[in-house]
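Written below as C-alpha cells is the structure these notes are about.
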Amino acid sequence: MAEPRGRAEVHLRMPVATDAEWMAATDRSASTAFAPPLGLDATTLADELAQGTWAEDGRFAWAVLIDGEPAGFAVVLREDEESTRVGLRIAPAHRGRGAGREVLRQLADHHFADDERLLRLVGRAHERNVPMQRVFHAAGFRMEARYRDSFEQPAGGRASEWGYALTRADWAEGRHRSTGGTLDLHGLAFLLEESVEGPDLPGLVVRFLQEGRRALARYDADEVAEGELAGIMNGGVLTYRFLHTTETGPEPTPTEGGGIMRVQRRDDGRLELVDRWTDTDGQHGRRVLVERRT
C-alpha cells in the first residue's frame with residue numbers, strides 16, 4: 001500500500017507563454033460534468049499570455065505549482081468594481097491534499113492586498129460538486145446563495161449552483177486562514193451503524209450541509225420521511241432541533257425534538273457522530289452514525 005502523502009506545498013506565479021500547453025491539458029483533464037472545461041486552446045493561450053491579456057484589471061490568471069510541479073491554474077475575473085470571481089482547476093493527481101484551499105487563501109491574500117477597491121471574492125459550485133464546495137468552506141468562504149437552474153449541463157437540462165463569498169472583512173480577520181478545529185460535515189452522508197437505546201430507525205441516512213458553524217441536514221429512514229435538523233457546531237459538538245414525519249400508524253405523524261451530536265474520527269479516518277436525542281413525547285435514545293465510504 002502506498003504511503004499517504006502530506007499536505008501539498010503550493011506556489012502561485014504568473015503564467016508565461018511556455019505554460020500554455022500544460023494549462024490547456026489541465027483544463028481538459030480536470031474537467032467533470034460539474035466543472036466543464038473552459039475550452040483553452042494551447043496556441044491561442046500562448047499568444048494571449050505573451051501579449052499580457054491574462055494579466056489585466058478585468059482578467060487575471062495564475063499558474064499553480066504543487067511540490068514544484070505544474071498542477072493547475074486559477075482564473076480571476078472582475079465582475080464589477082467591488083467583486084471578483086475566482087475559478088480553479090487542479091489536476092486529478094494532485095487533489096485531496098489541501099491544495100485547492102491553499103490556492104484560494106493565496107489568491108485572497110494577493111488580490112485584497114493589491115486592490116483597495118475589492119470588497120468580495122466570489123465563486124460558484126455545482127450543487128453536486130461537493131469537493132469544490134468543501135474547498136470553498138475550508139478557505140473561509142461563506143455559502144450565501146443558491147442560483148436555481150443557472151448551470152447548463154453538458155448532457156442536457158439545467159442544475160443549480162451554490163454561491164460563495166469571502167469579504168474584505170473576512171480576510172482582514174484571517175477567516176480564510178483560520179483552522180478553528182471545527183470538523184467539516186458539508187456534503188457528507190452518514191449511515192446508521194448502531195442504535196444503543198430507544199426506538200431504532202432502520203435504513204437511516206443523514207446528508208449534511210454546513211456553512212460556518214451552522215449545520216443543516218435532511219434525513220430519511222424506512223419509517224421516517226422528510227426529516228430535517230438544524231443546529232450550531234461548537235468545536236466537535238452539534239446542538240440541534242429536528243422535525244420529521246413518522247409513518248408507522250394509519251396516518252403520518254409529525255415528530256419533533258432536539259439533541260446533541262459529538263463529531264469524532266474513527267480509526268479508519270471516517271467521521272463518526274454519536275447522537276443523543278429526545279423528542280417531545282419523551283422518547284429518547286443514543287445512536288452512532290458513520291460517514292459513508294466514497
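In the C-alpha cells, chains take the letters A, B, ... in the order shown, each chain's residues start at 1, and ligands count up from 1 in the order shown.
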Residues within 6 Å of stretch 83-100 of chain A, only C-alpha atoms, excluding chain neighbours under 2 positions, as a ChimeraX atom specification: /A:7-8,26,30,71-80,102-103,120-123
All residues 6 Å or closer to stretch 231-243 of chain A, only C-alpha atoms, same chain fewer than 5 positions away omitted, as a PDB file with N, CA, C and O atoms, in the first residue's frame:
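Wrote around-v9.pdb, looks like this:
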ATOM      1  N   THR A 182     -12.965  23.081  13.870  1.00  0.00           N
ATOM      2  CA  THR A 182     -14.298  22.569  13.630  1.00  0.00           C
ATOM      3  C   THR A 182     -14.264  21.599  12.463  1.00  0.00           C
ATOM      4  O   THR A 182     -13.813  21.936  11.378  1.00  0.00           O
ATOM      5  N   ARG A 213     -20.493  27.753  11.361  1.00  0.00           N
ATOM      6  CA  ARG A 213     -20.917  26.908  12.492  1.00  0.00           C
ATOM      7  C   ARG A 213     -22.324  26.357  12.328  1.00  0.00           C
ATOM      8  O   ARG A 213     -22.763  25.527  13.114  1.00  0.00           O
ATOM      9  N   ARG A 214     -23.032  26.837  11.317  1.00  0.00           N
ATOM     10  CA  ARG A 214     -24.403  26.385  11.122  1.00  0.00           C
ATOM     11  C   ARG A 214     -24.422  25.093  10.321  1.00  0.00           C
ATOM     12  O   ARG A 214     -23.763  24.989   9.294  1.00  0.00           O
ATOM     13  N   ALA A 215     -25.181  24.125  10.796  1.00  0.00           N
ATOM     14  CA  ALA A 215     -25.300  22.841  10.106  1.00  0.00           C
ATOM     15  C   ALA A 215     -26.768  22.540   9.852  1.00  0.00           C
ATOM     16  O   ALA A 215     -27.620  22.717  10.731  1.00  0.00           O
ATOM     17  N   THR A 255     -43.155  14.432  14.197  1.00  0.00           N
ATOM     18  CA  THR A 255     -42.372  14.240  15.412  1.00  0.00           C
ATOM     19  C   THR A 255     -41.269  15.278  15.450  1.00  0.00           C
ATOM     20  O   THR A 255     -40.582  15.483  14.454  1.00  0.00           O
ATOM     21  N   GLU A 256     -41.123  15.923  16.606  1.00  0.00           N
ATOM     22  CA  GLU A 256     -40.064  16.921  16.726  1.00  0.00           C
ATOM     23  C   GLU A 256     -39.333  16.749  18.050  1.00  0.00           C
ATOM     24  O   GLU A 256     -39.813  16.088  18.965  1.00  0.00           O
ATOM     25  N   GLY A 257     -38.166  17.351  18.117  1.00  0.00           N
ATOM     26  CA  GLY A 257     -37.372  17.260  19.339  1.00  0.00           C
ATOM     27  C   GLY A 257     -36.021  17.908  19.134  1.00  0.00           C
ATOM     28  O   GLY A 257     -35.853  18.775  18.283  1.00  0.00           O
ATOM     29  N   GLY A 258     -35.053  17.469  19.940  1.00  0.00           N
ATOM     30  CA  GLY A 258     -33.719  18.047  19.862  1.00  0.00           C
ATOM     31  C   GLY A 258     -32.681  17.044  20.301  1.00  0.00           C
ATOM     32  O   GLY A 258     -32.997  15.936  20.734  1.00  0.00           O
ATOM     33  N   GLY A 259     -31.424  17.436  20.180  1.00  0.00           N
ATOM     34  CA  GLY A 259     -30.368  16.522  20.571  1.00  0.00           C
ATOM     35  C   GLY A 259     -28.994  17.156  20.508  1.00  0.00           C
ATOM     36  O   GLY A 259     -28.838  18.334  20.182  1.00  0.00           O
ATOM     37  N   ILE A 260     -28.005  16.327  20.828  1.00  0.00           N
ATOM     38  CA  ILE A 260     -26.606  16.731  20.794  1.00  0.00           C
ATOM     39  C   ILE A 260     -25.825  15.618  20.103  1.00  0.00           C
ATOM     40  O   ILE A 260     -25.970  14.438  20.440  1.00  0.00           O
ATOM     41  N   MET A 261     -25.011  15.994  19.114  1.00  0.00           N
ATOM     42  CA  MET A 261     -24.142  15.039  18.433  1.00  0.00           C
ATOM     43  C   MET A 261     -22.686  15.404  18.690  1.00  0.00           C
ATOM     44  O   MET A 261     -22.304  16.563  18.532  1.00  0.00           O
ATOM     45  N   ARG A 262     -21.905  14.428  19.063  1.00  0.00           N
ATOM     46  CA  ARG A 262     -20.459  14.627  19.152  1.00  0.00           C
ATOM     47  C   ARG A 262     -19.832  14.084  17.881  1.00  0.00           C
ATOM     48  O   ARG A 262     -20.076  12.953  17.493  1.00  0.00           O
ATOM     49  N   VAL A 263     -18.988  14.918  17.242  1.00  0.00           N
ATOM     50  CA  VAL A 263     -18.333  14.554  15.984  1.00  0.00           C
ATOM     51  C   VAL A 263     -16.897  14.142  16.285  1.00  0.00           C
ATOM     52  O   VAL A 263     -16.154  14.893  16.920  1.00  0.00           O
TER      53      VAL A 263
END
Strand (DSSP E or B) residues, from DSSP on the backbone, in stretch 180-212 of chain A, as a PyMOL selection string: chain A and resi 189-197+205-211
Please dump the current selection as a compact mmCIF listing (two decimals), in the first residue's frame; keep N, CA, C and O atoms.
# COMPACT_ATOMS: atom_id res chain seq x y z
N ALA A 189 -22.48 12.07 3.83
CA ALA A 189 -23.63 11.22 4.11
C ALA A 189 -23.25 10.22 5.19
O ALA A 189 -22.18 9.62 5.15
N PHE A 190 -24.13 10.07 6.18
CA PHE A 190 -23.88 9.18 7.31
C PHE A 190 -24.96 8.10 7.36
O PHE A 190 -26.15 8.38 7.21
N LEU A 191 -24.52 6.86 7.58
CA LEU A 191 -25.41 5.72 7.73
C LEU A 191 -25.57 5.38 9.20
O LEU A 191 -24.65 5.59 10.00
N LEU A 192 -26.72 4.84 9.56
CA LEU A 192 -26.92 4.35 10.93
C LEU A 192 -26.11 3.06 11.11
O LEU A 192 -26.33 2.07 10.42
N GLU A 193 -25.14 3.08 12.04
CA GLU A 193 -24.37 1.87 12.32
C GLU A 193 -24.90 1.14 13.54
O GLU A 193 -24.87 -0.08 13.60
N GLU A 194 -25.39 1.89 14.52
CA GLU A 194 -25.76 1.26 15.79
C GLU A 194 -26.82 2.11 16.49
O GLU A 194 -26.77 3.33 16.45
N SER A 195 -27.81 1.47 17.06
CA SER A 195 -28.79 2.16 17.91
C SER A 195 -28.72 1.50 19.28
O SER A 195 -29.06 0.32 19.44
N VAL A 196 -28.24 2.23 20.28
CA VAL A 196 -27.95 1.65 21.58
C VAL A 196 -29.20 1.56 22.45
O VAL A 196 -29.43 0.57 23.14
N GLU A 197 -30.05 2.59 22.40
CA GLU A 197 -31.26 2.60 23.22
C GLU A 197 -32.32 3.44 22.52
O GLU A 197 -32.02 4.25 21.66
N VAL A 205 -30.37 7.40 6.76
CA VAL A 205 -29.27 8.09 6.08
C VAL A 205 -29.44 9.58 6.33
O VAL A 205 -30.54 10.12 6.19
N VAL A 206 -28.36 10.26 6.74
CA VAL A 206 -28.37 11.69 7.01
C VAL A 206 -27.39 12.37 6.07
O VAL A 206 -26.24 11.93 5.93
N ARG A 207 -27.81 13.46 5.41
CA ARG A 207 -26.96 14.22 4.50
C ARG A 207 -26.84 15.65 4.99
O ARG A 207 -27.88 16.30 5.24
N PHE A 208 -25.62 16.15 5.10
CA PHE A 208 -25.37 17.45 5.74
C PHE A 208 -24.99 18.54 4.74
O PHE A 208 -24.35 18.30 3.73
N LEU A 209 -25.39 19.76 5.10
CA LEU A 209 -24.85 20.99 4.56
C LEU A 209 -24.32 21.77 5.75
O LEU A 209 -24.92 21.75 6.83
N GLN A 210 -23.19 22.45 5.57
CA GLN A 210 -22.62 23.23 6.67
C GLN A 210 -22.10 24.55 6.13
O GLN A 210 -21.46 24.59 5.08
N GLU A 211 -22.37 25.62 6.84
CA GLU A 211 -21.86 26.94 6.49
C GLU A 211 -21.38 27.59 7.77
O GLU A 211 -22.18 27.96 8.62
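The space between atom CA of A:Ala230 and atom CA of A:Arg218 spans 9.1 Å.
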Proximity to A:Thr32 - best of A:Ala155, A:Leu119, A:Leu107, A:Ala139, only C-alpha atoms: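 With only C-alpha atoms as the atom set, the closest residue is A:Ala155.
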Residues within 7 Å of A:Arg168, only C-alpha atoms, excluding chain neighbours under 2 positions, as a PyMOL selection string: chain A and resi 112+119-120+166+170-172
Within 8 Å of A:Asp27 using only C-alpha atoms, minus same-chain residues under 3 positions, as a list in words: Met23, Ala24, Ala30, Ser31, Pro37, Leu38, Gly39, Leu40 and Arg89 of chain A
Would you output that residue set with C-alpha atoms, as a compact mmCIF listing (two decimals), in the first residue's frame?
# COMPACT_ATOMS: atom_id res chain seq x y z
CA MET A 23 -2.55 24.62 -18.83
CA ALA A 24 -4.72 23.56 -21.78
CA ALA A 30 -9.56 18.44 -14.57
CA SER A 31 -12.98 18.85 -16.16
CA PRO A 37 -13.56 22.69 -19.40
CA LEU A 38 -13.01 26.35 -20.24
CA GLY A 39 -12.07 25.33 -23.79
CA LEU A 40 -8.48 26.60 -23.66
CA ARG A 89 -8.68 23.79 -11.91
Minimum-distance residue to A:Leu201, chosen among A:Arg287, A:Leu229, A:Glu69, A:Met143 (using only C-alpha atoms): A:Arg287
Alpha helix (DSSP H) residues, from DSSP on the backbone, in stretch 146-196 of chain A, as number ranges by chain: A: 168-172
Close residues, A:Asp47 itself excluded, 12 Å, only C-alpha atoms, min 6 positions apart in chain, as a ChimeraX atom specification: /A:15-21,40-41,53-54
Nearby residues (only C-alpha atoms) at most 8 Å from A:Ala138, same-chain spacing under 5 positions excluded, as a PyMOL selection string: chain A and resi 101+176+184
Which of A:Arg286, A:Ala35, A:Arg292, A:Val135 sits closest to A:Glu272 [using only C-alpha atoms]: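 Result for the nearest residue to A:Glu272: A:Arg292.
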